[in-house]
Amino acid sequence: MRPDRLTYSGSHIVPPEIVTQCFSLAEYELFRETPQFKPIFHLKPFSLISHCTLGELTTHYFSKASLEIDRLLTESEFQEIIPLLEKEVVGKFKSLRIKDLGLAHFLSREYPEQAFQFRIDAGFQNMASIKTLTEVFGKQLEGIIVPPIFSRLDLLSLCEQVNIPIEVEIFGPIRLFFSHRELLPDFKPHSWVDARSEEFNHTDGFKTYPSEYGTLMFYPKYVSWIKKLDELKNMNVSRIRIDRFMNTSTDFFTVFKDLTTDSLSEYEARLCEFFNATTIEGFYGANKTDRRFYQLKSEARQVRDETLLGQVVESKKSEYLVVKAMSDFTDDTAVVFKTPLKEDIRFNLKHQILSSALKPVSQVYEDQIILLPSIKKVTPQSYMYRYMEITGS
Amino acid sequence: MNTWTKPELLSPAGDLEKLKTACLYGADAVYLSGQKFGLRYASDNFTLYELEKAVKYAHARNVSVYVTLNGYLLNKDIEALPEFLKELERLKVDALLISDLGVFTLAANHTKIPIHVSTQASCANAHHASFWKHLGATRIVLARETAIHEAKQIKLHSNIELEMFIHGSMCMAWSGQCVISNFTRGRDSNRGGCNYACRFPFELQQSEQSAQRSFMSSRDLNGLDLLPQFFKARIDSLKIEGRMKSLFYLAQLTKIYRTAIDSFHQDEMTDFSNFKRDLEAIQNRGYTTASLENRADFSSVAPSADNHTIPSDQNHYIGEVVDVVDGRTLVKIKNPFSLPCNVELLTFRGPNETHYVQKVYDIKGSDVQHIKPNMFIWIDHFNEARPLNILRKSYCAS
């Protein structure tokens, strides 16, 4: 299937289910009344953004719900949550949503029947990674949770090549980082802080969240792939997620009680209004986040191979050039200087090289400092290359 | 001499000159990057030709070379990797530093080079370490959120080599988990394009409460005081951050930690106060032990953008020795200074050499009064000078 000709036929494809956060048992009751939404429990001490503890849920089984475990765990934290996980979590949720590979490894060794999904928020976003994940964890890995940094083409490859349910964030805030540190101790915890900087052009600030597990920051705008829904359906994306972190009001279930996968496209404006959000598509069209890398390099020093003989490091006009040798060479070597102004100046070294002690030399060694006569247009930051005569037809 | 194994000292090598400097100042191993697949795109890094020279240079001095392939690669990046891996195997590099599972799989399938798991992989617990060990990793560079006492437990349970950062700049987020640059600058921080947005000052607002500060800018890690704990936890390698830092920074830090590690290994009662004083004189954003003892708190954050580089290199760094002829030392000047001046030669090993310098000469032997950056000058006096030694100001009269 050509990616640029995706159309939704709808005949053979199971529509993706909608998943969203559930922050309490009381809220879980609302999910029963809106069964088109599948709950993801966010509970302490497992989920970074959570408002109640696992305690009140311990007598329940959640055959259709998953539990978010999006914390990365230090050894102490791991030891702290494992007893609770073993006692109150394993076997009680349909699936766990995991970010820590250690936890995935632990479950695969100790509880191979407990299904989990894996979050690939910042890494493991290539096919080779995902195939390894599926090989290592087998059927226990029952989903990959893809971040909004994915492009359409990468998502398509993933859906085509890996036979595993894929979840995308179709509408919600974009998480930029999680810090293990308490960066905002002077602000009220579990309440959003607006962070603005002159370095960015955004009129809205970055939404920052002090949690007991550290600090999270989100981009000022939401991601929305709602307009791409048909394409996502065609790719066989299994789950689409609406993230409710920034407005956890239960009014959501009233306002969107009729929202379904098929009607989602009609609700984009109302979602934006409800969450007071403006949206971007992220990198869905194309991920060109390496496009500007070449600007980070000094252009004059691009070619660094066996033809690079030295660098002009000092000059005194009409008197001398100081060159640091970057390779061994003799004064028989034909050379060309490449200047910062991108001019090529040829030069004959024969009988022209002085050592730093001002003695004539014919053999130069790597790292040696030599003097040459002043050469017009050759300035510091010029590079001296072996001259390669280009021959042939 | 104490009974603990001496940990490896691992220094950064942003280019060939820095690699040589790190080797000469006492690193047991260096880490560096090729032109692709690493995380420091703005650093010069190494072409294959330079890498070959680097490996020969380092191995001739019993220094190991680890090549970073720790970017989180996308499908389009990964195609070129197998060819590069073959080249690295041919060059006999000592290990690959990898964070991405796909890169790991390819490296394991295409080469026999030992694989170290990068700190970018956010490994901070024993089960995580065991996961990588199970796949064939030989070493884990622990996430900087890990305390030394936790590392000890990880070592005990997973029985794999462990590497920890002991000094340098830090991400405020879990390394490898931050995408600020991706969304704000269109540069992938996990493929080498980080724009250090965490260092910017921000206005913070929550209802009526407000503040203005660089609330995400971490102070620099300084684990010198905890060196005994690293030994006792049997950490295999101690790493200095900073492939993009200056030669001055690299030389000083490598020498300080080399001396400190050797001294403590010889004598558990080693007094670190001189080393601490030397570290204070090196460019830093204010120091913290971050999470090495307990989870880092707000004191680990630099309070304002103003103190990001205290003291500046310009205050102390004179230049580097490029040649020694007939008892005279040829120096490439990095920062201007006036005469007379107490000039200290940072020797590769042992005590430094300081002289009161009143006269210097240009490369042709003429007197020089005003010393400017990028000049080459001759200085008399220094007996211990060798190429790549660093010179710094001790005290200047003017």
# chains A, B, ... in the order shown; residues from 1 in each chain; ligands from 1

call {"tool": "select_by_dssp", "arguments": {"residues": "stretch 12-227 of chain A", "states": "alpha helix (DSSP H)", "output": "PyMOL selection string"}}
result
chain A and resi 25-33+75-84+101-110+127-137+152-161

call {"tool": "residues_around", "arguments": {"residues": "stretch 171-187 of chain A", "least_positions_apart": "5", "cutoff": "7 Å", "atoms": "only C-alpha atoms", "output": "number ranges by chain"}}
result
A: 210, 213-219, 221-226, 241-244; B: 172-174, 177-180, 215-216, 296-298

call {"tool": "write_last_selection", "arguments": {"atoms": "N, CA, C and O atoms", "output": "compact mmCIF listing (two decimals), in the first residue's frame"}}
result
# COMPACT_ATOMS: atom_id res chain seq x y z
N PRO A 210 4.42 19.75 39.14
CA PRO A 210 5.19 19.20 40.25
C PRO A 210 4.47 17.99 40.85
O PRO A 210 3.36 18.13 41.35
N TYR A 213 6.86 12.48 42.45
CA TYR A 213 7.91 11.67 41.83
C TYR A 213 8.91 12.52 41.05
O TYR A 213 9.88 12.00 40.51
N GLY A 214 8.64 13.81 40.96
CA GLY A 214 9.54 14.69 40.22
C GLY A 214 8.75 15.78 39.52
O GLY A 214 7.75 16.28 40.05
N THR A 215 9.21 16.16 38.34
CA THR A 215 8.59 17.27 37.62
C THR A 215 8.39 16.88 36.16
O THR A 215 9.30 16.34 35.53
N LEU A 216 7.21 17.19 35.64
CA LEU A 216 6.93 16.94 34.23
C LEU A 216 6.73 18.27 33.51
O LEU A 216 6.25 19.23 34.10
N MET A 217 7.08 18.29 32.25
CA MET A 217 6.80 19.48 31.44
C MET A 217 6.14 19.06 30.13
O MET A 217 6.53 18.06 29.52
N PHE A 218 5.15 19.88 29.74
CA PHE A 218 4.44 19.62 28.49
C PHE A 218 4.56 20.84 27.58
O PHE A 218 4.70 21.97 28.04
N TYR A 219 4.46 20.57 26.30
CA TYR A 219 4.49 21.61 25.27
C TYR A 219 3.23 22.48 25.41
O TYR A 219 2.19 22.00 25.84
N LYS A 221 1.18 23.49 23.26
CA LYS A 221 0.06 23.06 22.42
C LYS A 221 -0.18 21.56 22.54
O LYS A 221 0.74 20.81 22.88
N TYR A 222 -1.38 21.18 22.21
CA TYR A 222 -1.73 19.76 22.20
C TYR A 222 -1.38 19.16 20.84
O TYR A 222 -1.32 19.87 19.84
N VAL A 223 -1.22 17.86 20.84
CA VAL A 223 -1.16 17.17 19.56
C VAL A 223 -2.58 16.73 19.22
O VAL A 223 -3.35 16.34 20.10
N SER A 224 -2.92 16.86 17.96
CA SER A 224 -4.18 16.29 17.50
C SER A 224 -3.94 15.59 16.16
O SER A 224 -3.48 16.21 15.21
N TRP A 225 -4.25 14.31 16.16
CA TRP A 225 -4.20 13.54 14.91
C TRP A 225 -5.62 13.16 14.49
O TRP A 225 -5.81 12.21 13.73
N ILE A 226 -6.59 13.90 15.03
CA ILE A 226 -7.98 13.54 14.73
C ILE A 226 -8.25 13.61 13.22
O ILE A 226 -8.94 12.76 12.67
N ARG A 241 -5.77 7.41 21.94
CA ARG A 241 -5.85 7.89 23.34
C ARG A 241 -6.14 9.38 23.39
O ARG A 241 -5.55 10.17 22.64
N ILE A 242 -7.05 9.73 24.25
CA ILE A 242 -7.29 11.14 24.56
C ILE A 242 -6.74 11.35 25.97
O ILE A 242 -7.19 10.70 26.91
N ASP A 243 -5.76 12.25 26.09
CA ASP A 243 -5.14 12.49 27.40
C ASP A 243 -5.85 13.62 28.12
O ASP A 243 -5.99 14.72 27.57
N ARG A 244 -6.27 13.34 29.36
CA ARG A 244 -7.10 14.30 30.11
C ARG A 244 -6.36 14.97 31.26
O ARG A 244 -6.99 15.55 32.13
N MET B 172 18.74 17.71 33.47
CA MET B 172 17.85 17.75 34.64
C MET B 172 16.80 16.66 34.53
O MET B 172 16.24 16.21 35.50
N ALA B 173 16.54 16.22 33.29
CA ALA B 173 15.59 15.13 33.09
C ALA B 173 16.36 13.81 33.09
O ALA B 173 17.59 13.80 33.05
N TRP B 174 15.63 12.72 33.15
CA TRP B 174 16.28 11.43 32.89
C TRP B 174 16.92 11.54 31.51
O TRP B 174 16.24 11.88 30.54
N GLN B 177 15.33 10.99 27.79
CA GLN B 177 13.87 11.01 27.87
C GLN B 177 13.32 12.41 27.61
O GLN B 177 12.15 12.67 27.89
N CYS B 178 14.15 13.32 27.13
CA CYS B 178 13.74 14.72 26.98
C CYS B 178 13.60 15.04 25.49
O CYS B 178 14.50 14.74 24.70
N VAL B 179 12.49 15.65 25.11
CA VAL B 179 12.30 16.01 23.69
C VAL B 179 11.98 17.50 23.53
O VAL B 179 11.30 17.90 22.59
N ILE B 180 12.48 18.32 24.44
CA ILE B 180 12.23 19.76 24.35
C ILE B 180 12.74 20.29 23.01
O ILE B 180 12.03 21.01 22.30
N PHE B 215 14.81 27.29 36.26
CA PHE B 215 14.41 26.25 37.22
C PHE B 215 14.78 24.84 36.78
O PHE B 215 14.71 23.92 37.57
N MET B 216 15.20 24.70 35.51
CA MET B 216 15.56 23.36 35.05
C MET B 216 17.06 23.18 34.87
O MET B 216 17.49 22.13 34.40
N ALA B 296 18.22 13.72 44.14
CA ALA B 296 18.57 15.15 44.02
C ALA B 296 17.36 16.00 44.36
O ALA B 296 16.24 15.70 43.94
N ASP B 297 17.60 17.05 45.11
CA ASP B 297 16.50 17.96 45.42
C ASP B 297 16.74 19.30 44.73
O ASP B 297 17.60 19.42 43.84
N PHE B 298 16.00 20.32 45.17
CA PHE B 298 16.07 21.60 44.48
C PHE B 298 17.45 22.26 44.59
O PHE B 298 17.82 23.08 43.75

call {"tool": "atom_distance", "arguments": {"atom1": "atom CA of A:Asp204", "atom2": "atom CA of A:Ala277"}}
result
10.0 Å

call {"tool": "select_by_dssp", "arguments": {"residues": "stretch 229-391 of chain B", "states": "strand (DSSP E or B)", "output": "number ranges by chain"}}
result
B: 237-240, 284, 287-288, 301, 310, 317-325, 328-333, 337-338, 341-346, 353-357, 360-362, 367-368, 370-371, 376-379, 390-391

call {"tool": "residues_around", "arguments": {"residues": "B:Val67", "least_positions_apart": "6", "cutoff": "9 Å", "atoms": "only C-alpha atoms", "output": "mmCIF file with N, CA and C atoms, in the first residue's frame"}}
result
data_model
loop_
_atom_site.group_PDB
_atom_site.id
_atom_site.type_symbol
_atom_site.label_atom_id
_atom_site.label_comp_id
_atom_site.auth_asym_id
_atom_site.auth_seq_id
_atom_site.Cartn_x
_atom_site.Cartn_y
_atom_site.Cartn_z
ATOM 1 N N VAL B 30 38.912 6.383 27.026
ATOM 2 C CA VAL B 30 38.251 7.591 26.508
ATOM 3 C C VAL B 30 36.996 7.167 25.735
ATOM 4 N N TYR B 31 36.032 8.064 25.702
ATOM 5 C CA TYR B 31 34.865 7.798 24.861
ATOM 6 C C TYR B 31 34.747 8.915 23.835
ATOM 7 N N LEU B 32 34.336 8.529 22.657
ATOM 8 C CA LEU B 32 34.302 9.463 21.538
ATOM 9 C C LEU B 32 33.211 9.036 20.576
ATOM 10 N N SER B 33 33.013 9.867 19.567
ATOM 11 C CA SER B 33 31.947 9.573 18.625
ATOM 12 C C SER B 33 32.450 9.682 17.202
ATOM 13 N N GLY B 34 31.868 8.889 16.322
ATOM 14 C CA GLY B 34 32.101 9.069 14.901
ATOM 15 C C GLY B 34 31.273 10.243 14.400
ATOM 16 N N GLY B 38 25.953 9.434 17.205
ATOM 17 C CA GLY B 38 26.212 9.820 18.585
ATOM 18 C C GLY B 38 25.263 10.927 19.014
ATOM 19 N N LEU B 88 34.281 -0.208 12.627
ATOM 20 C CA LEU B 88 34.704 -0.126 14.031
ATOM 21 C C LEU B 88 35.361 -1.435 14.482
ATOM 22 N N VAL B 93 38.178 -1.049 18.078
ATOM 23 C CA VAL B 93 37.747 -0.238 19.225
ATOM 24 C C VAL B 93 37.386 -1.195 20.352
ATOM 25 N N ASP B 94 37.426 -0.676 21.587
ATOM 26 C CA ASP B 94 37.305 -1.576 22.739
ATOM 27 C C ASP B 94 35.870 -1.814 23.185
ATOM 28 N N ALA B 95 35.002 -0.893 22.876
ATOM 29 C CA ALA B 95 33.586 -1.107 23.224
ATOM 30 C C ALA B 95 32.725 -0.104 22.470
ATOM 31 N N LEU B 96 31.467 -0.460 22.363
ATOM 32 C CA LEU B 96 30.469 0.449 21.799
ATOM 33 C C LEU B 96 29.554 0.888 22.932
ATOM 34 N N LEU B 97 29.139 2.135 22.862
ATOM 35 C CA LEU B 97 28.269 2.694 23.894
ATOM 36 C C LEU B 97 26.908 2.942 23.255
ATOM 37 N N ILE B 98 25.920 2.177 23.668
ATOM 38 C CA ILE B 98 24.652 2.135 22.938
ATOM 39 C C ILE B 98 23.475 2.318 23.891
#
